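Visitor: Starting off with a structure, shown below.
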Amino acid sequence: MEAESEPYVRLATLRTLHRVVADLNAARSLAGTLQAVVEGAVHGLGFDAAAVSLVRPDGDLVVAAVWELEESPMGGPSVLLGQVGSRESWDRLLGVSDHWGTLRFLPYDRGWAVASDIPRWIGDGPLPVYANDWHPADGLLAPMYSAGGDLLGVLSVDRPRSGKRPGAWTREALEMFSLQASIAIGNARLRAEMQRALARLEKEQQALRASEESFRQAFEYAPSGMAITELHGAGRGQLTRVNDALCRLLGRPRAVLRQQSFADLVHPEDRALLERTSAESGRAELRLSRRDGGYQWVCLRNSIVADAAEGPSFLLTHVEDIEDRKRHELQLAHRASHDALTGLPNGAELKARLARRLCAEPQPVGAAAGALTAEVGYPQPYAYPADSYSAHTAYEGLEGADPYAGPVHGYGPLEGGPLSGLGAGYGEHVHAVVPAEFGPGGEAWSAPFRSGPATPAEKGLAVLFCDLDGFKSINDRFGHNAGDSVLVEVARRLSGAVRDGDTVARLGGDEFVVLADGIGREEAKDLAHRLRNAIIPPMRIDGRAMRVGVSLGIGWAGCGMSIEEVLHTADERMYDEKRARGGAVRGARGERSHRRAG
């Protein structure tokens with residue numbers, strides 16, 4: 001290669017080139033082909049180092065093979081293996097390089113064109129003396145393309161053993177070699193794809209031959225419940241096959257289950273969800289009955305198994321036990337909606353209950369309100385949604401009704417009833433109205449001649465705002481632990497003074513709110529009296545007798561009112577009472593004299 005004008009040298013080079021090309025075609029794998037490329041460039045073309053950067057599926061180029069004639073003490077080009085350069089940077093580099101036919105030469109003084117993300121290694125060779133000498137920072141690149149013109153990769157060679165920049169003969173040899181390398185890499189990729197395709201085909205054939213046995217074992221020995229349901233014929237919906245795990249989960253023998261369907265086992269309130277899930281081949285969380293009469297929370301995942309010729313043939317159902325997760329969700333929901341200290345509903349839950357009770361329609365006015373309420377009747381009292389998610393036996397330790405149950409008290413279909421056809425806001429919702437303070441003739445409802453319970457027209461949703469008096473002094477004198485104990489005892493006393501179905505919530509600090517639905521104004525006053533009498537008796541905390549008072553304000557909630565308006569009204573009524581009794585109400589800046597605790 002050093003005396004390229006001599007014919008015998010060229011002939012020797014052709015023989016070497018023929019040998020390395022034969023090695024390229026002999027490689028059986030893509031990795032072997034890439035390694036043969038870099039070794040051929042070093043041993044057959046007279047370079048000390050070579051590397052192949054291969055185009056990945058995402059378009060970027062990764063250094064896939066490296067070879068060096070003698071290993072450098074600092075690691076040499078091998079340190080580049082696995083490094084990635086972006087396609088954009090490579091295209092820019094190839095574009096600014098000198099074009100030597102299909103080759104690209106980048107002289108050392110154009111190193112600025114090499115982007116930082118392109119893998120590069122510069123050796124410690126001698127600096128050039130003459131213009132044609134090889135510089136350690138020079139680069140010679142041979143792009144390799146497929147038959148369709150797509151870039152496959154780039155062969156980079158470095159440090160020609162002659163110490164000179166390659167002449168015409170070496171360039172032509174490198175071009176021929178890179179062309180053969182492109183063909184070899186393309187063939188190697190094709191072989192790899194064919195091998196993968198053959199492997200997939202063999203695997204599919206094996207899976208097909210063993211599918212029935214595999215399915216039987218997976219079905220029978222699955223740790224969770226499995227069932228097959230007929231989709232056609234007289235047995236449509238019937239369980240034709242169940243596994244032992246499902247029998248254990250529901251406590252029912254296989255023979256009994258095979259005579260039933262999921263529709264026979266599902267909780268009545270979940271039947272519509274089951275039918276929708278079966279039709280959509282989807283997922284649902286619902287309850288199935290056990291042999292002991294209780295219900296088990298499960299997650300059903302349905303898959304429609306179709307025949308290529310006849311279409312859907314049966315439904316494969318995976319039944320997962322989610323009882324523990326549901327219990328955990330219940331506990332988390334309870335913590336999120338209840339005060340950690342007293343166990344009462346917190347402010348967010350209080351507002352949520354008000355939001356569920358009140359609609360956006362303004363309340364009827366005057367006689368219309370009385371006539372409407374009297375005709376429909378008022379819930380006695382309104383049962384607020386549960387403090388827990390489920391009421392079945394697994395959750396007996398947590399109070400509340402089942403949120404998956406039907407309409408709560410205060411809502412419900414009124415087909416053919418007096419509200420039919422009244423439009424949105426009516427129908428299933430019992431309108432909340434603020435009870436009138438005076439009768440039709442101007443007399444007060446609480447006048448002495450009024451006796452007996454309030455009529456439906458006189459009933460509404462009372463909001464009693466309770467603020468403790470003297471609580472701050474207990475906190476300051478005895479500490480926050482004593483204050484917390486007082487709050488817990490107050491919460492217990494308030495809860496014992498209200499009716500079933502009423503809500504006692506801790507709004508924050510020493511403020512509590514009571515919601516009482518379906519009561520009249522006199523009944524609300526009686527309730528406030530009971531609450532006051534429940535709180536004022538002394539309580540024994542840590543061996544000490546402590547006493548707090550309470551200021552109460554009675555507000556009313558009606559449809560069309562905002563939650564903030566409802567609570568603000570009750571709060572102002574409470575402060576009216578506090579002012580009337582001469583208590584401290586506001587600080588120097590208009591702030592409340594007490595501080596929220598907890």
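Just remember, in the structure tokens the first chain shown is A, the second B, etc., residues are 1-based per chain, and ligands are 1-based in the order shown.
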Please extract the residues of segment 200-290 of chain A with a backbone DSSP assignment of strand (DSSP E or B) and present them as a ChimeraX atom specification.

Guide: /A:225-230,238-242,261,266,283-289

Visitor: Which residue gives the smallest distance to Phe465 of chain A among A:Ala65, A:Ala184, A:Leu34, A:Val504, with only C-alpha atoms counted?

Guide: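 Result for the nearest residue to Phe465 of chain A: A:Val504.
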
Visitor: Give me the residues near Pro136 of chain A as a CSV table (one decimal) with N, CA, C and O atoms, in the first residue's frame, where near means some atom within 9 Å (using only C-alpha atoms) and where sequence neighbours in that chain fewer than 6 positions away do not count.

Guide:
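File produced: out.csv:
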```csv
chain,number,residue,atom,x,y,z
A,108,TYR,N,-8.6,17.6,9.7
A,108,TYR,CA,-8.6,18.0,11.1
A,108,TYR,C,-9.0,19.4,11.4
A,108,TYR,O,-9.5,19.7,12.4
A,122,ILE,N,-9.7,10.3,19.3
A,122,ILE,CA,-8.5,10.8,18.6
A,122,ILE,C,-7.3,10.2,19.2
A,122,ILE,O,-7.0,10.3,20.4
A,123,GLY,N,-6.5,9.5,18.4
A,123,GLY,CA,-5.3,8.9,18.8
A,123,GLY,C,-4.1,9.9,19.1
A,123,GLY,O,-4.3,11.1,18.9
A,124,ASP,N,-3.0,9.3,19.4
A,124,ASP,CA,-1.8,10.1,19.7
A,124,ASP,C,-0.7,10.0,18.7
A,124,ASP,O,0.5,10.0,19.0
A,125,GLY,N,-1.1,9.8,17.4
A,125,GLY,CA,-0.2,9.7,16.3
A,125,GLY,C,0.6,10.9,16.1
A,125,GLY,O,0.3,12.0,16.6
A,126,PRO,N,1.7,10.8,15.2
A,126,PRO,CA,2.5,12.0,14.9
A,126,PRO,C,1.8,13.1,14.1
A,126,PRO,O,0.9,12.8,13.3
A,127,LEU,N,2.1,14.3,14.4
A,127,LEU,CA,1.5,15.4,13.6
A,127,LEU,C,2.1,15.4,12.2
A,127,LEU,O,3.3,15.0,12.0
A,128,PRO,N,1.4,15.9,11.2
A,128,PRO,CA,1.9,15.9,9.8
A,128,PRO,C,3.0,16.9,9.6
A,128,PRO,O,3.1,18.0,10.2
A,158,ASP,N,-9.3,4.8,10.5
A,158,ASP,CA,-8.3,5.8,11.0
A,158,ASP,C,-6.9,5.3,11.0
A,158,ASP,O,-6.7,4.1,11.0
A,159,ARG,N,-6.0,6.2,10.9
A,159,ARG,CA,-4.5,5.9,11.0
A,159,ARG,C,-4.1,4.9,9.9
A,159,ARG,O,-3.8,3.8,10.2
```

Visitor: Can you tell me, as a tab-separated table (two decimals) with N, CA, C and O atoms, in the first residue's frame, what residues are no more than 12 Å from Gly235 of chain A when counting only C-alpha atoms, ignoring any on the same chain fewer than 5 positions away?

Guide:
```tsv
chain	number	residue	atom	x	y	z
A	228	ILE	N	-66.38	-20.01	32.44
A	228	ILE	CA	-66.75	-19.91	31.04
A	228	ILE	C	-68.27	-19.85	30.96
A	228	ILE	O	-68.97	-20.66	31.59
A	229	THR	N	-68.76	-18.88	30.20
A	229	THR	CA	-70.20	-18.66	30.08
A	229	THR	C	-70.63	-18.81	28.63
A	229	THR	O	-69.98	-18.27	27.73
A	230	GLU	N	-71.73	-19.51	28.44
A	230	GLU	CA	-72.29	-19.66	27.09
A	230	GLU	C	-72.87	-18.34	26.61
A	230	GLU	O	-73.46	-17.58	27.39
A	240	THR	N	-70.82	-22.80	32.24
A	240	THR	CA	-70.60	-24.17	31.77
A	240	THR	C	-69.33	-24.78	32.33
A	240	THR	O	-69.16	-26.00	32.31
A	258	ARG	N	-72.40	-24.70	38.19
A	258	ARG	CA	-72.64	-24.98	36.78
A	258	ARG	C	-74.12	-24.96	36.43
A	258	ARG	O	-74.49	-24.98	35.26
A	259	GLN	N	-74.98	-24.88	37.42
A	259	GLN	CA	-76.41	-24.74	37.18
A	259	GLN	C	-76.88	-23.29	37.30
A	259	GLN	O	-78.07	-23.02	37.18
A	260	GLN	N	-75.94	-22.38	37.56
A	260	GLN	CA	-76.29	-20.98	37.78
A	260	GLN	C	-75.58	-20.09	36.76
A	260	GLN	O	-74.78	-20.55	35.95
A	261	SER	N	-75.92	-18.81	36.83
A	261	SER	CA	-75.26	-17.79	36.02
A	261	SER	C	-74.79	-16.68	36.96
A	261	SER	O	-75.20	-16.63	38.12
A	314	PHE	N	-68.04	-17.96	23.30
A	314	PHE	CA	-68.27	-18.02	24.74
A	314	PHE	C	-67.51	-16.89	25.41
A	314	PHE	O	-66.68	-16.21	24.81
```

Visitor: Which of these, A:Arg492, A:His529, A:Arg353, A:Arg287, has the shortest distance to Ile322 of chain A once you count only C-alpha atoms?

Guide: A:Arg287

Visitor: Counting only C-alpha atoms, what is within 12 Å of Leu273 of chain A, bar same-chain residues fewer than 3 positions away, as a VMD selection string?

Guide: chain A and resid 262 to 263 266 to 270 276 to 287 299 to 300 404

Visitor: For each of A:Met561, A:Phe478, A:Leu344, A:Gly508, take the minimum atom-to-atom distance to Gly543 of chain A, counting only C-alpha atoms, then give the residue where this is smallest.

Guide: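 Counting only C-alpha atoms, the residue closest to Gly543 of chain A is A:Phe478.
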
Visitor: Which residues are near Gly549 of chain A? Cut-off 7 Å, only C-alpha atoms, ignore same chain within fewer than 4 positions. Put them as a JSON list (two decimals) with all heavy atoms, in the first residue's frame.

Guide:
```
[["chain", "number", "residue", "atom", "x", "y", "z"],
["A", 468, "LEU", "N", -67.54, 26.81, 70.50],
["A", 468, "LEU", "CA", -67.31, 26.63, 71.94],
["A", 468, "LEU", "C", -66.83, 27.93, 72.57],
["A", 468, "LEU", "O", -65.99, 28.64, 72.00],
["A", 468, "LEU", "CB", -66.29, 25.51, 72.17],
["A", 468, "LEU", "CG", -66.64, 24.12, 71.62],
["A", 468, "LEU", "CD1", -65.57, 23.11, 72.02],
["A", 468, "LEU", "CD2", -68.01, 23.68, 72.10],
["A", 469, "ASP", "N", -67.32, 28.23, 73.76],
["A", 469, "ASP", "CA", -66.90, 29.38, 74.54],
["A", 469, "ASP", "C", -65.98, 28.90, 75.66],
["A", 469, "ASP", "O", -66.30, 27.92, 76.36],
["A", 469, "ASP", "CB", -68.10, 30.11, 75.14],
["A", 469, "ASP", "CG", -69.03, 30.65, 74.06],
["A", 469, "ASP", "OD1", -68.51, 31.01, 72.98],
["A", 469, "ASP", "OD2", -70.25, 30.71, 74.29],
["A", 470, "GLY", "N", -64.87, 29.56, 75.82],
["A", 470, "GLY", "CA", -63.93, 29.20, 76.89],
["A", 470, "GLY", "C", -62.96, 28.11, 76.52],
["A", 470, "GLY", "O", -62.18, 27.66, 77.37],
["A", 535, "ILE", "N", -73.66, 20.09, 76.19],
["A", 535, "ILE", "CA", -72.28, 20.54, 76.24],
["A", 535, "ILE", "C", -71.91, 21.17, 77.58],
["A", 535, "ILE", "O", -70.80, 20.97, 78.09],
["A", 535, "ILE", "CB", -72.01, 21.54, 75.08],
["A", 535, "ILE", "CG1", -72.06, 20.80, 73.74],
["A", 535, "ILE", "CG2", -70.67, 22.24, 75.25],
["A", 535, "ILE", "CD1", -71.90, 21.71, 72.55],
["A", 536, "ILE", "N", -72.81, 21.95, 78.19],
["A", 536, "ILE", "CA", -72.42, 22.79, 79.33],
["A", 536, "ILE", "C", -72.11, 22.01, 80.62],
["A", 536, "ILE", "O", -71.37, 22.53, 81.46],
["A", 536, "ILE", "CB", -73.49, 23.86, 79.61],
["A", 536, "ILE", "CG1", -74.86, 23.20, 79.90],
["A", 536, "ILE", "CG2", -73.58, 24.84, 78.46],
["A", 536, "ILE", "CD1", -75.93, 24.22, 80.27]]
```

Visitor: Between A:Ala462, A:Leu179, A:Ala570, A:Ala113, single out the one closest to Val21 of chain A, counting only C-alpha atoms.

Guide: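 Under the stated criterion, the closest residue is A:Leu179.
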
Visitor: Return as a VMD selection string the full set of residues in segment 87-314 of chain A whose backbone-based DSSP assignment is helix (DSSP H, G or I).

Guide: chain A and resid 87 to 96 108 to 113 168 to 220 244 to 250 254 to 257 262 to 265 268 to 280

Visitor: List the neighbours of Leu80 of chain A out to 10 Å using only C-alpha atoms; skip same-chain residues closer than 2 positions along the sequence, and give me the result as a PyMOL selection string.

Guide: chain A and resi 51+53+62-66+75-78+82-84+118-121

Visitor: Filtering to all heavy atoms, could you give me those residues as a compact mmCIF listing (two decimals), in the first residue's frame?

Guide:
```txt
# COMPACT_ATOMS: atom_id res chain seq x y z
N ALA A 51 -14.27 1.38 12.84
CA ALA A 51 -15.49 1.27 13.65
C ALA A 51 -16.70 1.34 12.72
O ALA A 51 -16.66 2.01 11.68
CB ALA A 51 -15.56 2.38 14.70
N SER A 53 -20.73 2.35 12.81
CA SER A 53 -21.90 2.92 13.50
C SER A 53 -23.14 2.49 12.73
O SER A 53 -23.28 2.81 11.55
CB SER A 53 -21.80 4.45 13.56
OG SER A 53 -20.68 4.83 14.32
N VAL A 62 -25.57 3.93 16.43
CA VAL A 62 -24.87 3.42 17.60
C VAL A 62 -23.61 2.71 17.14
O VAL A 62 -23.59 2.02 16.12
CB VAL A 62 -25.78 2.46 18.41
CG1 VAL A 62 -26.23 1.29 17.57
CG2 VAL A 62 -25.06 1.97 19.66
N VAL A 63 -22.52 2.89 17.88
CA VAL A 63 -21.26 2.21 17.56
C VAL A 63 -21.44 0.73 17.90
O VAL A 63 -21.54 0.36 19.07
CB VAL A 63 -20.08 2.82 18.33
CG1 VAL A 63 -18.79 2.08 17.99
CG2 VAL A 63 -19.94 4.30 18.01
N ALA A 64 -21.47 -0.13 16.85
CA ALA A 64 -21.79 -1.54 17.04
C ALA A 64 -20.58 -2.46 16.95
O ALA A 64 -20.64 -3.59 17.42
CB ALA A 64 -22.84 -1.98 16.01
N ALA A 65 -19.49 -2.01 16.34
CA ALA A 65 -18.29 -2.85 16.23
C ALA A 65 -17.06 -1.96 16.11
O ALA A 65 -17.10 -0.92 15.45
CB ALA A 65 -18.40 -3.79 15.03
N VAL A 66 -15.95 -2.39 16.74
CA VAL A 66 -14.70 -1.63 16.73
C VAL A 66 -13.54 -2.63 16.62
O VAL A 66 -13.60 -3.73 17.19
CB VAL A 66 -14.55 -0.79 18.02
CG1 VAL A 66 -13.16 -0.16 18.09
CG2 VAL A 66 -15.59 0.30 18.08
N GLY A 75 -7.06 2.54 26.05
CA GLY A 75 -8.35 1.95 25.72
C GLY A 75 -8.68 2.01 24.26
O GLY A 75 -9.38 1.16 23.73
N GLY A 76 -8.17 2.99 23.53
CA GLY A 76 -8.39 3.08 22.10
C GLY A 76 -9.83 3.26 21.72
O GLY A 76 -10.69 3.63 22.52
N PRO A 77 -10.13 2.97 20.45
CA PRO A 77 -11.50 3.17 19.95
C PRO A 77 -12.53 2.26 20.62
O PRO A 77 -13.72 2.49 20.49
CB PRO A 77 -11.37 2.84 18.46
CG PRO A 77 -9.93 2.95 18.14
CD PRO A 77 -9.20 2.56 19.37
N SER A 78 -12.08 1.24 21.33
CA SER A 78 -13.04 0.32 21.95
C SER A 78 -13.93 1.02 22.97
O SER A 78 -15.02 0.53 23.30
CB SER A 78 -12.30 -0.83 22.61
OG SER A 78 -11.43 -0.36 23.63
N GLY A 82 -21.14 1.10 21.88
CA GLY A 82 -22.42 1.37 22.53
C GLY A 82 -22.81 2.83 22.58
O GLY A 82 -23.95 3.14 22.94
N GLN A 83 -21.91 3.73 22.22
CA GLN A 83 -22.25 5.15 22.24
C GLN A 83 -23.13 5.51 21.04
O GLN A 83 -23.01 4.92 19.97
CB GLN A 83 -20.99 6.01 22.25
CG GLN A 83 -20.14 5.84 23.50
CD GLN A 83 -18.98 6.81 23.55
OE1 GLN A 83 -19.03 7.89 22.95
NE2 GLN A 83 -17.91 6.43 24.26
N VAL A 84 -24.00 6.48 21.24
CA VAL A 84 -25.03 6.81 20.24
C VAL A 84 -24.86 8.26 19.79
O VAL A 84 -24.62 9.16 20.60
CB VAL A 84 -26.45 6.60 20.81
CG1 VAL A 84 -27.51 6.96 19.77
CG2 VAL A 84 -26.63 5.16 21.27
N ILE A 118 -21.63 12.93 18.67
CA ILE A 118 -21.07 11.91 17.78
C ILE A 118 -19.88 11.26 18.46
O ILE A 118 -18.93 11.95 18.87
CB ILE A 118 -20.65 12.53 16.43
CG1 ILE A 118 -21.89 12.98 15.64
CG2 ILE A 118 -19.85 11.53 15.61
CD1 ILE A 118 -21.58 13.50 14.27
N PRO A 119 -19.89 9.94 18.65
CA PRO A 119 -18.76 9.26 19.30
C PRO A 119 -17.48 9.49 18.49
O PRO A 119 -17.45 9.30 17.26
CB PRO A 119 -19.19 7.79 19.30
CG PRO A 119 -20.68 7.81 19.16
CD PRO A 119 -20.99 9.01 18.32
N ARG A 120 -16.40 9.86 19.19
CA ARG A 120 -15.14 10.16 18.49
C ARG A 120 -13.98 9.85 19.41
O ARG A 120 -14.02 10.13 20.60
CB ARG A 120 -15.11 11.62 18.07
CG ARG A 120 -13.96 11.95 17.12
CD ARG A 120 -13.93 13.43 16.82
NE ARG A 120 -12.95 13.75 15.78
CZ ARG A 120 -12.53 14.96 15.47
NH1 ARG A 120 -13.04 16.00 16.13
NH2 ARG A 120 -11.66 15.16 14.51
N TRP A 121 -12.96 9.27 18.82
CA TRP A 121 -11.72 9.01 19.56
C TRP A 121 -10.55 9.48 18.71
O TRP A 121 -10.44 9.15 17.53
CB TRP A 121 -11.59 7.52 19.85
CG TRP A 121 -10.33 7.18 20.61
CD1 TRP A 121 -10.16 7.23 21.96
CD2 TRP A 121 -9.10 6.73 20.07
NE1 TRP A 121 -8.89 6.85 22.30
CE2 TRP A 121 -8.20 6.53 21.15
CE3 TRP A 121 -8.64 6.48 18.77
CZ2 TRP A 121 -6.91 6.10 20.98
CZ3 TRP A 121 -7.34 6.05 18.60
CH2 TRP A 121 -6.47 5.86 19.69
```

Visitor: Could you tell me how far atom CA of Trp297 of chain A sits from atom CA of Val319 of chain A, in Å to one decimal place?

Guide: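 Separation between atom CA of Val319 of chain A and atom CA of Trp297 of chain A: 9.8 Å.
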